[in-house]
$ cat query_38.txt   # compact mmCIF, C-alpha atoms
# COMPACT_ATOMS: atom_id res chain seq x y z
CA MET A 230 90.03 61.74 84.88
CA ASN A 231 86.92 63.48 86.14
CA GLU A 232 87.22 67.20 85.36
CA ASP A 233 84.44 68.14 87.78
CA THR A 234 86.23 66.39 90.66
CA LEU A 235 89.53 68.01 89.67
CA ASN A 236 87.93 71.46 89.53
CA LEU A 237 86.18 71.02 92.88
CA ASP A 238 89.34 69.79 94.61
CA ILE A 239 91.40 72.66 93.17
CA ARG A 240 88.81 75.17 94.42
CA LYS A 241 88.78 73.57 97.90
CA PHE A 242 92.57 73.69 98.04
CA LEU A 243 92.73 77.31 96.90
CA LYS A 244 90.05 78.34 99.40
CA ASN A 245 92.10 76.74 102.19
CA VAL A 246 95.26 78.44 100.92
CA GLY A 247 93.53 81.82 100.80
CA ILE A 248 92.01 81.63 104.27
CA THR A 249 95.16 80.23 105.90
CA SER A 250 97.43 82.70 104.12
CA GLN A 251 95.33 85.68 105.14
CA ARG A 252 95.40 84.60 108.80
CA GLU A 253 99.16 84.05 108.74
CA ILE A 254 99.86 87.40 107.08
CA GLU A 255 97.56 89.29 109.46
CA HIS A 256 99.12 87.60 112.50
CA ALA A 257 102.65 88.37 111.31
CA VAL A 258 101.80 92.00 110.53
CA PHE A 259 100.09 92.58 113.90
CA LYS A 260 103.05 90.99 115.68
CA ALA A 261 105.55 93.11 113.70
CA VAL A 262 103.65 96.32 114.45
CA GLU A 263 103.34 95.40 118.13
CA SER A 264 107.08 94.70 118.40
CA GLY A 265 108.02 97.90 116.57
CA LYS A 266 109.48 96.15 113.53
CA LEU A 267 106.80 97.87 111.42
CA ASN A 268 105.06 101.15 112.16
CA GLY A 269 101.84 100.21 110.36
CA SER A 270 102.06 102.60 107.43
CA GLU A 271 104.41 100.61 105.18
CA THR A 272 103.74 98.70 102.03
CA ILE A 273 105.25 95.26 102.39
CA GLU A 274 106.44 93.01 99.59
CA ILE A 275 105.04 89.51 99.58
CA LYS A 276 105.70 86.34 97.62
CA MET A 277 103.79 83.06 97.32
CA THR A 278 105.18 79.97 95.65
CA LEU A 279 102.93 77.21 94.36
CA GLU A 280 104.63 73.86 93.93
CA ALA A 281 103.27 70.58 92.61
CA PRO A 282 106.38 68.44 92.10
CA ALA A 283 104.49 65.45 90.69
CA ILE A 284 103.43 67.50 87.66
CA GLY A 285 106.44 69.79 87.41
CA VAL A 286 104.77 73.00 88.59
CA SER A 287 106.66 75.72 90.41
CA HIS A 288 105.02 79.12 90.10
CA CYS A 289 105.88 82.26 92.07
CA ILE A 290 103.46 85.15 92.55
CA GLU A 291 104.81 88.44 93.89
CA GLY A 292 102.93 91.47 95.10
CA LYS A 293 102.65 94.22 97.65
CA ILE A 294 100.32 94.77 100.58
CA ALA A 295 99.67 98.29 101.84
CA LEU A 296 99.19 98.57 105.59
CA ASP A 297 97.72 102.06 105.51

$ encode --input "query_38.txt" --output "structure tokens"
Amino acid sequence: MNEDTLNLDIRKFLKNVGITSQREIEHAVFKAVESGKLNGSETIEIKMTLEAPAIGVSHCIEGKIALD
């Protein structure tokens, strides 16, 4: 196993996850505010689950995002 390759691929994956997740969250929030489901001043709960079945990983991260 090449640790440098592993580290680089993990970083690439996490960068993609971060960018994609931010876009999806922003889009969903804007759509919810536009439709009236949210008023734009809430704090929303959020959850992300990381799964890697081949190595037995299932890890959930929970947090909150303030809109105002």

$ residues_around --input "query_38.txt" --residues "A:His288" --least-positions-apart "6" --cutoff "9 Å" --atoms "only C-alpha atoms" --output "ChimeraX atom specification"
/A:277-280

$ atom_distance --input "query_38.txt" --atom1 "atom CA of A:Ile254" --atom2 "atom CA of A:Lys293"
12.0 Å

$ atom_distance --input "query_38.txt" --atom1 "atom CA of A:Asn268" --atom2 "atom CA of A:Ile248"
24.8 Å

$ residues_around --input "query_38.txt" --residues "A:Gln251" --least-positions-apart "5" --cutoff "12 Å" --atoms "only C-alpha atoms" --output "JSON, numbers by chain"
{"A": [244, 245, 246, 256, 257, 258, 275, 277, 294]}

$ write_last_selection --input "query_38.txt" --atoms "C-alpha atoms" --output "mmCIF file, in the coordinates of the input"
data_model
loop_
_atom_site.group_PDB
_atom_site.id
_atom_site.type_symbol
_atom_site.label_atom_id
_atom_site.label_comp_id
_atom_site.auth_asym_id
_atom_site.auth_seq_id
_atom_site.Cartn_x
_atom_site.Cartn_y
_atom_site.Cartn_z
ATOM 1 C CA LYS A 244 90.050 78.340 99.400
ATOM 2 C CA ASN A 245 92.100 76.740 102.190
ATOM 3 C CA VAL A 246 95.260 78.440 100.920
ATOM 4 C CA HIS A 256 99.120 87.600 112.500
ATOM 5 C CA ALA A 257 102.650 88.370 111.310
ATOM 6 C CA VAL A 258 101.800 92.000 110.530
ATOM 7 C CA ILE A 275 105.040 89.510 99.580
ATOM 8 C CA MET A 277 103.790 83.060 97.320
ATOM 9 C CA ILE A 294 100.320 94.770 100.580
#

$ axis_aligned_box --input "query_38.txt" --around "stretch 239-253 of chain A" --padding-each-side "6 Å" --output "AutoDock Vina command-line options"
--center_x 94.0 --center_y 79.2 --center_z 101.0 --size_x 22.4 --size_y 25.0 --size_z 27.6

$ atom_distance --input "query_38.txt" --atom1 "atom CA of A:Asp297" --atom2 "atom CA of A:Ile273"
10.6 Å

$ closest_residue --input "query_38.txt" --among "A:Lys260, A:Lys241, A:Arg252, A:Lys276" --to "A:Gly292" --atoms "all atoms listed in the file"
A:Lys276
